[in-house]
Amino acid sequence: MKPILLRARGEENSRSINTYLRLGGYAALKRALIMDPADVREEVKNSGLRGRGGAGFPAGVKWGFVPQSTTRPRYLICNADESEPGTFKDREIIHTEPHMLLEGIIIASYAIGANTAYIYIRGEFWTEAEILERAIAEACRKKYLGKDILRTGFDIDIHVHRGAGAYICGEETALIESIEGKRGQPRLKPPFPAVVGLFGCPTVVNNVETLACVPHIIEHGAEWFAGIGRDVRNSGPKLYGVSGHVEKPGVYELPMGTTFREIIYEHAGGIRGGKKLKAFIPGGSSCPVLPADRVDIPADFDSVAEAGSMLGSGGIIVMDETVDMVWALENLLTFYAHESCGQCTPCREGSDWALDIVRRIRAGHGQPRDLEALERISRHASQGMTICPLGDAFCGPIASFLKHFRHEFEDYIARAEPLPPKKLPVLPVRSDRGPFGI
Ligand SMILES: Cc1cc2nc3c(=O)[nH]c(=O)nc-3n(C[C@H](O)[C@H](O)[C@H](O)COP(=O)(O)O)c2cc1C
């Protein structure tokens, strides 16, 4: 497959609007603007495009939830937070062809009837935020943005909103709170953002990669897009970010449903130093780990779900035979315990508690009942026990590490030594004197 989303990678000045126009950019927007918004939504629905941000929800269906008869403003938000370990594909689109993303945002805004769109970008992405701001200024000058764009009567403004470096702000409702100037904590759903979102108004939140697909769907048609992947439920080009123990880590654009074996061994150059594959996390750190014998499954939404994990964002973390899986889980839990926003007790307490237990096991003081406790935590902080799926994001890894690599945890526990008796803290001798010895 010829690259679609990263077609301009390596081209000189690929970020400038002139290069984009030379490659046929903004032609899809012109086509969309003479279509009825409902037809644009239908085209995207028929393409089978599923959200690339993690949950894989069909984009056209989500756009259809936005009430069309409302008098309230409608908003589109592009989620460029990309803070999950192992995920680094959205920034590649922004770096390569920011105008492709802008075109997707304008078409999506037109389709849902929004006149204002936001790009919520992770605070640490200084360069990417500047690239986007420059691209927006160029698009304004050429009348692709602003009032009455291309003399069609459609107004659209895009604002770049920088986050402050919290993983939870990638969750769509925490992101909305954050744009509103509040602390980024998820909201209860329903109501879903498509009905009550930003400033209480109907809002669609879509991932960068999802929106970058939209101009291509409008330009080449839904059928073309659906024909690229495995089937219409798993369609289109997909950016796979491969990290970890491979020879050539990086972002690879391939048809949805390429097998993990092909991605890891052919495109990413195989396991570093000729070692053996032990395990891989298929879609960013929140997805359950899979052992090496699942490497032949296609990397698409449905196949990965059938194998007991998730395609998530498509960030594949590869682990070779030398990896200590207890250490790997400790590493993941350190992230989640730090990033839990603290709103829900099972997530706030459970992530810290699980981390403490795994740390203790690795320090050589584990007890047989620890594995039971980990399993209990992973049951009690997931699947609807928390407001947002961050609970599932750390519980999925716990359950899957124990399912596939339990023996490594048991080995640690079998070699464990009892904890040394707790020493009582030495209290300072009480003095009659106050501060400064007076
Ligand atoms: C803790 C957490 C972090 C998330 N981070 C991101 C993110 O960085 N980027 C993203 O697009 N979606 C992220 N999501 C998913 C969003 O909530 C939302 O489903 C997504 O932006 C919708 O876009 P899509 O339908 O195009 O995939 C996150 C979800 C959770 C629970």
# chains A, B, ... in the order shown; residues from 1 in each chain; ligands from 1
>>> select_by_dssp(residues="region 335-408 of chain A", states="alpha helix (DSSP H)", output="MDAnalysis selection string")
chainID A and resid 335:339 345:360 369:380 390:408
>>> residues_near_ligand(ligand="ligand 1", cutoff="6 Å", atoms="only C-alpha atoms and all ligand atoms", output="CSV table (one decimal) with N, CA and C atoms, in the first residue's frame")
chain,number,residue,atom,x,y,z
A,51,GLY,N,-12.6,5.2,15.3
A,51,GLY,CA,-11.8,6.1,16.1
A,51,GLY,C,-10.4,5.5,16.3
A,52,ARG,N,-9.4,6.3,16.1
A,52,ARG,CA,-8.0,5.8,16.3
A,52,ARG,C,-7.4,6.2,17.6
A,53,GLY,N,-8.3,6.8,18.5
A,53,GLY,CA,-7.8,7.3,19.8
A,53,GLY,C,-7.7,6.2,20.8
A,54,GLY,N,-8.4,5.1,20.6
A,54,GLY,CA,-8.3,4.0,21.6
A,54,GLY,C,-9.5,3.1,21.6
A,55,ALA,N,-10.7,3.7,21.6
A,55,ALA,CA,-12.0,2.9,21.8
A,55,ALA,C,-12.5,2.3,20.5
A,56,GLY,N,-12.1,2.9,19.4
A,56,GLY,CA,-12.5,2.3,18.1
A,56,GLY,C,-13.9,2.5,17.8
A,57,PHE,N,-14.5,3.6,18.3
A,57,PHE,CA,-15.9,3.9,18.0
A,57,PHE,C,-16.1,4.5,16.6
A,59,ALA,N,-16.6,6.7,13.6
A,59,ALA,CA,-16.7,8.2,13.6
A,59,ALA,C,-18.0,8.7,13.0
A,79,ASN,N,-8.4,15.6,19.5
A,79,ASN,CA,-7.6,15.2,20.6
A,79,ASN,C,-6.2,14.9,20.2
A,80,ALA,N,-5.3,15.8,20.5
A,80,ALA,CA,-3.9,15.6,20.2
A,80,ALA,C,-3.1,15.5,21.5
A,81,ASP,N,-3.7,14.9,22.5
A,81,ASP,CA,-3.0,14.8,23.8
A,81,ASP,C,-1.9,13.8,23.8
A,82,GLU,N,-2.2,12.7,23.2
A,82,GLU,CA,-1.2,11.6,23.0
A,82,GLU,C,-0.2,11.4,24.1
A,83,SER,N,-0.6,11.1,25.3
A,83,SER,CA,0.3,11.0,26.4
A,83,SER,C,0.5,9.5,26.9
A,167,TYR,N,-2.0,13.0,31.8
A,167,TYR,CA,-2.5,11.9,30.9
A,167,TYR,C,-4.0,11.9,30.9
A,168,ILE,N,-4.6,12.1,32.1
A,168,ILE,CA,-6.0,12.0,32.2
A,168,ILE,C,-6.7,13.0,31.2
A,170,GLY,N,-6.3,13.4,28.3
A,170,GLY,CA,-6.6,12.8,27.0
A,170,GLY,C,-8.0,12.1,27.0
A,171,GLU,N,-8.5,11.8,28.1
A,171,GLU,CA,-9.9,11.3,28.2
A,171,GLU,C,-10.8,12.4,27.8
A,172,GLU,N,-11.8,12.1,27.0
A,172,GLU,CA,-12.5,13.2,26.3
A,172,GLU,C,-13.2,14.2,27.2
A,205,VAL,N,-15.6,14.8,19.9
A,205,VAL,CA,-14.1,14.7,20.2
A,205,VAL,C,-13.6,13.5,19.3
A,206,ASN,N,-12.6,13.8,18.5
A,206,ASN,CA,-12.0,12.8,17.6
A,206,ASN,C,-10.5,12.9,17.7
A,207,ASN,N,-9.9,11.8,17.5
A,207,ASN,CA,-8.4,11.7,17.5
A,207,ASN,C,-7.8,12.3,16.2
A,210,THR,N,-7.8,9.8,13.3
A,210,THR,CA,-9.2,9.7,12.8
A,210,THR,C,-9.5,10.8,11.8
A,388,CYS,N,-14.1,6.9,34.6
A,388,CYS,CA,-13.6,6.8,33.2
A,388,CYS,C,-12.8,5.5,33.1
A,389,PRO,N,-12.3,5.2,31.9
A,389,PRO,CA,-11.6,3.9,31.8
A,389,PRO,C,-10.2,3.8,32.3
A,390,LEU,N,-9.7,4.9,33.0
A,390,LEU,CA,-8.4,4.8,33.5
A,390,LEU,C,-8.2,3.6,34.5
>>> residues_around(residues="Ser309 (chain A)", least_positions_apart="3", cutoff="9 Å", atoms="only C-alpha atoms", output="PyMOL selection string")
chain A and resi 281-283+287-290+303-306+312+396+400
>>> write_last_selection(atoms="N, CA and C atoms", output="mmCIF file, in the first residue's frame")
data_model
loop_
_atom_site.group_PDB
_atom_site.id
_atom_site.type_symbol
_atom_site.label_atom_id
_atom_site.label_comp_id
_atom_site.auth_asym_id
_atom_site.auth_seq_id
_atom_site.Cartn_x
_atom_site.Cartn_y
_atom_site.Cartn_z
ATOM 1 N N ILE A 281 2.673 -5.593 23.764
ATOM 2 C CA ILE A 281 1.443 -4.897 24.143
ATOM 3 C C ILE A 281 0.942 -4.269 22.843
ATOM 4 N N PRO A 282 -0.277 -4.642 22.397
ATOM 5 C CA PRO A 282 -0.646 -4.299 21.019
ATOM 6 C C PRO A 282 -1.055 -2.867 20.749
ATOM 7 N N GLY A 283 -1.473 -2.095 21.781
ATOM 8 C CA GLY A 283 -2.060 -0.803 21.405
ATOM 9 C C GLY A 283 -1.820 0.326 22.383
ATOM 10 N N CYS A 287 -3.321 -1.448 27.166
ATOM 11 C CA CYS A 287 -3.924 -2.662 26.596
ATOM 12 C C CYS A 287 -3.289 -3.911 27.193
ATOM 13 N N PRO A 288 -4.099 -4.939 27.438
ATOM 14 C CA PRO A 288 -3.548 -6.176 27.995
ATOM 15 C C PRO A 288 -2.406 -6.734 27.145
ATOM 16 N N VAL A 289 -1.387 -7.268 27.826
ATOM 17 C CA VAL A 289 -0.215 -7.814 27.146
ATOM 18 C C VAL A 289 -0.567 -9.160 26.484
ATOM 19 N N LEU A 290 0.077 -9.459 25.364
ATOM 20 C CA LEU A 290 -0.132 -10.754 24.703
ATOM 21 C C LEU A 290 1.206 -11.487 24.615
ATOM 22 N N SER A 303 -9.838 -8.501 15.639
ATOM 23 C CA SER A 303 -8.945 -9.647 15.880
ATOM 24 C C SER A 303 -8.236 -9.527 17.224
ATOM 25 N N VAL A 304 -7.811 -8.298 17.548
ATOM 26 C CA VAL A 304 -7.092 -8.121 18.825
ATOM 27 C C VAL A 304 -8.069 -8.316 19.991
ATOM 28 N N ALA A 305 -9.303 -7.858 19.818
ATOM 29 C CA ALA A 305 -10.299 -8.059 20.883
ATOM 30 C C ALA A 305 -10.554 -9.554 21.091
ATOM 31 N N GLU A 306 -10.646 -10.297 19.988
ATOM 32 C CA GLU A 306 -10.858 -11.754 20.101
ATOM 33 C C GLU A 306 -9.701 -12.432 20.834
ATOM 34 N N GLY A 312 -6.374 -0.456 20.690
ATOM 35 C CA GLY A 312 -6.100 0.852 21.308
ATOM 36 C C GLY A 312 -5.665 1.868 20.272
ATOM 37 N N GLY A 396 -6.319 -3.926 33.270
ATOM 38 C CA GLY A 396 -6.122 -4.836 32.128
ATOM 39 C C GLY A 396 -4.700 -5.385 32.129
ATOM 40 N N SER A 400 -3.676 -9.351 32.728
ATOM 41 C CA SER A 400 -3.039 -10.082 31.621
ATOM 42 C C SER A 400 -1.619 -10.522 31.973
#
>>> closest_residue(among="A:Thr345, A:Ser109, A:Thr96, A:Ser47", to="Ala381 (chain A)", atoms="only C-alpha atoms")
A:Thr345
>>> atom_distance(atom1="CA of Phe301 (chain A)", atom2="CA of Gly315 (chain A)")
12.9 Å
>>> residues_around(residues="Gly163 (chain A)", least_positions_apart="4", cutoff="8 Å", atoms="only C-alpha atoms", output="VMD selection string")
chain A and resid 81 120 to 123 169 178
>>> residues_around(residues="Gly236 (chain A)", least_positions_apart="6", cutoff="7 Å", atoms="only C-alpha atoms", output="list in words")
Leu49, Phe225, Ala226, Ile228, Gly229, Pro255 and Met256 of chain A
>>> residues_around(residues="His404 (chain A)", least_positions_apart="3", cutoff="10 Å", atoms="only C-alpha atoms", output="list in words")
Ala279, Val289, Leu290, Pro291, Met325, Ala399, Ser400, Phe401, His407 and Glu408 of chain A
>>> closest_residue(among="A:Val318, A:Val232, A:Ala222, A:Cys78", to="Ile264 (chain A)", atoms="only C-alpha atoms")
A:Val318
>>> select_by_dssp(residues="region 182-242 of chain A", states="strand (DSSP E)", output="number ranges by chain")
A: 203-207, 237-242
>>> decode(residues="region 327-425 of chain A", atoms="C-alpha atoms", output="PDB file, in the first residue's frame")
ATOM      1  CA  TRP A 327       9.619  -5.368  36.479  1.00  0.00           C
ATOM      2  CA  ALA A 328       7.573  -4.554  33.351  1.00  0.00           C
ATOM      3  CA  LEU A 329       4.316  -4.506  35.315  1.00  0.00           C
ATOM      4  CA  GLU A 330       5.928  -2.382  38.039  1.00  0.00           C
ATOM      5  CA  ASN A 331       7.044   0.052  35.364  1.00  0.00           C
ATOM      6  CA  LEU A 332       3.512   0.347  33.930  1.00  0.00           C
ATOM      7  CA  LEU A 333       1.877   0.679  37.331  1.00  0.00           C
ATOM      8  CA  THR A 334       4.287   3.452  38.320  1.00  0.00           C
ATOM      9  CA  PHE A 335       2.858   5.467  35.435  1.00  0.00           C
ATOM     10  CA  TYR A 336      -0.801   4.731  36.220  1.00  0.00           C
ATOM     11  CA  ALA A 337      -0.472   5.323  39.974  1.00  0.00           C
ATOM     12  CA  HIS A 338       1.077   8.706  39.190  1.00  0.00           C
ATOM     13  CA  GLU A 339      -1.520   9.638  36.551  1.00  0.00           C
ATOM     14  CA  SER A 340      -4.725   8.562  38.330  1.00  0.00           C
ATOM     15  CA  CYS A 341      -6.609  11.842  38.778  1.00  0.00           C
ATOM     16  CA  GLY A 342      -7.782  10.762  42.225  1.00  0.00           C
ATOM     17  CA  GLN A 343     -11.499  11.295  41.644  1.00  0.00           C
ATOM     18  CA  CYS A 344     -12.588   7.639  42.055  1.00  0.00           C
ATOM     19  CA  THR A 345     -11.478   5.660  45.093  1.00  0.00           C
ATOM     20  CA  PRO A 346     -10.944   2.283  43.350  1.00  0.00           C
ATOM     21  CA  CYS A 347      -8.573   3.878  40.825  1.00  0.00           C
ATOM     22  CA  ARG A 348      -6.801   6.277  43.205  1.00  0.00           C
ATOM     23  CA  GLU A 349      -6.239   3.693  45.966  1.00  0.00           C
ATOM     24  CA  GLY A 350      -6.111   0.596  43.751  1.00  0.00           C
ATOM     25  CA  SER A 351      -3.337   1.840  41.473  1.00  0.00           C
ATOM     26  CA  ASP A 352      -1.119   2.808  44.440  1.00  0.00           C
ATOM     27  CA  TRP A 353      -1.898  -0.387  46.295  1.00  0.00           C
ATOM     28  CA  ALA A 354      -1.168  -2.581  43.248  1.00  0.00           C
ATOM     29  CA  LEU A 355       2.110  -0.755  42.691  1.00  0.00           C
ATOM     30  CA  ASP A 356       3.122  -1.260  46.347  1.00  0.00           C
ATOM     31  CA  ILE A 357       2.431  -4.994  46.071  1.00  0.00           C
ATOM     32  CA  VAL A 358       4.360  -5.463  42.816  1.00  0.00           C
ATOM     33  CA  ARG A 359       7.273  -3.405  44.204  1.00  0.00           C
ATOM     34  CA  ARG A 360       7.315  -5.597  47.311  1.00  0.00           C
ATOM     35  CA  ILE A 361       7.286  -8.776  45.191  1.00  0.00           C
ATOM     36  CA  ARG A 362      10.214  -7.522  43.140  1.00  0.00           C
ATOM     37  CA  ALA A 363      12.092  -6.417  46.234  1.00  0.00           C
ATOM     38  CA  GLY A 364      11.991 -10.069  47.323  1.00  0.00           C
ATOM     39  CA  HIS A 365       9.314  -9.830  50.016  1.00  0.00           C
ATOM     40  CA  GLY A 366       6.250 -11.136  48.154  1.00  0.00           C
ATOM     41  CA  GLN A 367       3.721 -13.462  49.745  1.00  0.00           C
ATOM     42  CA  PRO A 368       1.465 -16.039  48.034  1.00  0.00           C
ATOM     43  CA  ARG A 369      -1.651 -14.023  48.907  1.00  0.00           C
ATOM     44  CA  ASP A 370      -0.254 -11.033  46.986  1.00  0.00           C
ATOM     45  CA  LEU A 371      -1.329 -12.470  43.647  1.00  0.00           C
ATOM     46  CA  GLU A 372      -4.857 -12.905  44.931  1.00  0.00           C
ATOM     47  CA  ALA A 373      -4.830  -9.309  46.150  1.00  0.00           C
ATOM     48  CA  LEU A 374      -3.637  -8.086  42.735  1.00  0.00           C
ATOM     49  CA  GLU A 375      -6.422 -10.018  41.025  1.00  0.00           C
ATOM     50  CA  ARG A 376      -8.963  -8.586  43.465  1.00  0.00           C
ATOM     51  CA  ILE A 377      -7.781  -5.040  42.770  1.00  0.00           C
ATOM     52  CA  SER A 378      -7.901  -5.635  39.025  1.00  0.00           C
ATOM     53  CA  ARG A 379     -11.516  -6.805  39.338  1.00  0.00           C
ATOM     54  CA  HIS A 380     -12.650  -4.029  41.649  1.00  0.00           C
ATOM     55  CA  ALA A 381     -11.161  -1.019  39.858  1.00  0.00           C
ATOM     56  CA  SER A 382     -12.266  -1.932  36.335  1.00  0.00           C
ATOM     57  CA  GLN A 383     -15.359  -2.478  34.218  1.00  0.00           C
ATOM     58  CA  GLY A 384     -17.611   0.333  35.277  1.00  0.00           C
ATOM     59  CA  MET A 385     -16.297   0.730  38.828  1.00  0.00           C
ATOM     60  CA  THR A 386     -14.746   4.089  37.937  1.00  0.00           C
ATOM     61  CA  ILE A 387     -16.024   7.168  36.104  1.00  0.00           C
ATOM     62  CA  CYS A 388     -13.562   6.823  33.231  1.00  0.00           C
ATOM     63  CA  PRO A 389     -11.648   3.868  31.778  1.00  0.00           C
ATOM     64  CA  LEU A 390      -8.355   4.776  33.519  1.00  0.00           C
ATOM     65  CA  GLY A 391      -9.302   2.070  36.027  1.00  0.00           C
ATOM     66  CA  ASP A 392      -9.399  -0.470  33.184  1.00  0.00           C
ATOM     67  CA  ALA A 393      -6.171   0.989  31.816  1.00  0.00           C
ATOM     68  CA  PHE A 394      -4.144  -0.306  34.763  1.00  0.00           C
ATOM     69  CA  CYS A 395      -6.322  -3.316  35.631  1.00  0.00           C
ATOM     70  CA  GLY A 396      -6.122  -4.836  32.128  1.00  0.00           C
ATOM     71  CA  PRO A 397      -2.323  -5.004  32.298  1.00  0.00           C
ATOM     72  CA  ILE A 398      -2.398  -6.513  35.832  1.00  0.00           C
ATOM     73  CA  ALA A 399      -4.861  -9.259  34.866  1.00  0.00           C
ATOM     74  CA  SER A 400      -3.039 -10.082  31.621  1.00  0.00           C
ATOM     75  CA  PHE A 401       0.450 -10.145  33.145  1.00  0.00           C
ATOM     76  CA  LEU A 402      -0.855 -12.562  35.773  1.00  0.00           C
ATOM     77  CA  LYS A 403      -2.694 -14.641  33.181  1.00  0.00           C
ATOM     78  CA  HIS A 404       0.248 -15.126  30.833  1.00  0.00           C
ATOM     79  CA  PHE A 405       3.296 -14.727  33.084  1.00  0.00           C
ATOM     80  CA  ARG A 406       2.073 -15.822  36.515  1.00  0.00           C
ATOM     81  CA  HIS A 407       5.008 -18.177  36.938  1.00  0.00           C
ATOM     82  CA  GLU A 408       7.430 -15.243  36.981  1.00  0.00           C
ATOM     83  CA  PHE A 409       5.548 -13.667  39.873  1.00  0.00           C
ATOM     84  CA  GLU A 410       5.403 -17.053  41.643  1.00  0.00           C
ATOM     85  CA  ASP A 411       9.165 -17.510  41.171  1.00  0.00           C
ATOM     86  CA  TYR A 412       9.827 -14.219  42.914  1.00  0.00           C
ATOM     87  CA  ILE A 413       7.487 -15.213  45.730  1.00  0.00           C
ATOM     88  CA  ALA A 414       9.076 -18.670  46.087  1.00  0.00           C
ATOM     89  CA  ARG A 415      12.488 -17.008  46.587  1.00  0.00           C
ATOM     90  CA  ALA A 416      11.096 -14.318  48.877  1.00  0.00           C
ATOM     91  CA  GLU A 417      12.320 -13.613  52.367  1.00  0.00           C
ATOM     92  CA  PRO A 418       9.937 -12.496  55.075  1.00  0.00           C
ATOM     93  CA  LEU A 419       9.808  -8.780  55.604  1.00  0.00           C
ATOM     94  CA  PRO A 420      12.085  -7.621  58.416  1.00  0.00           C
ATOM     95  CA  PRO A 421      10.069  -6.771  61.541  1.00  0.00           C
ATOM     96  CA  LYS A 422       8.857  -3.199  61.421  1.00  0.00           C
ATOM     97  CA  LYS A 423      11.001  -0.898  63.492  1.00  0.00           C
ATOM     98  CA  LEU A 424       9.064   1.564  65.570  1.00  0.00           C
ATOM     99  CA  PRO A 425       9.830   5.107  64.547  1.00  0.00           C
TER     100      PRO A 425
END
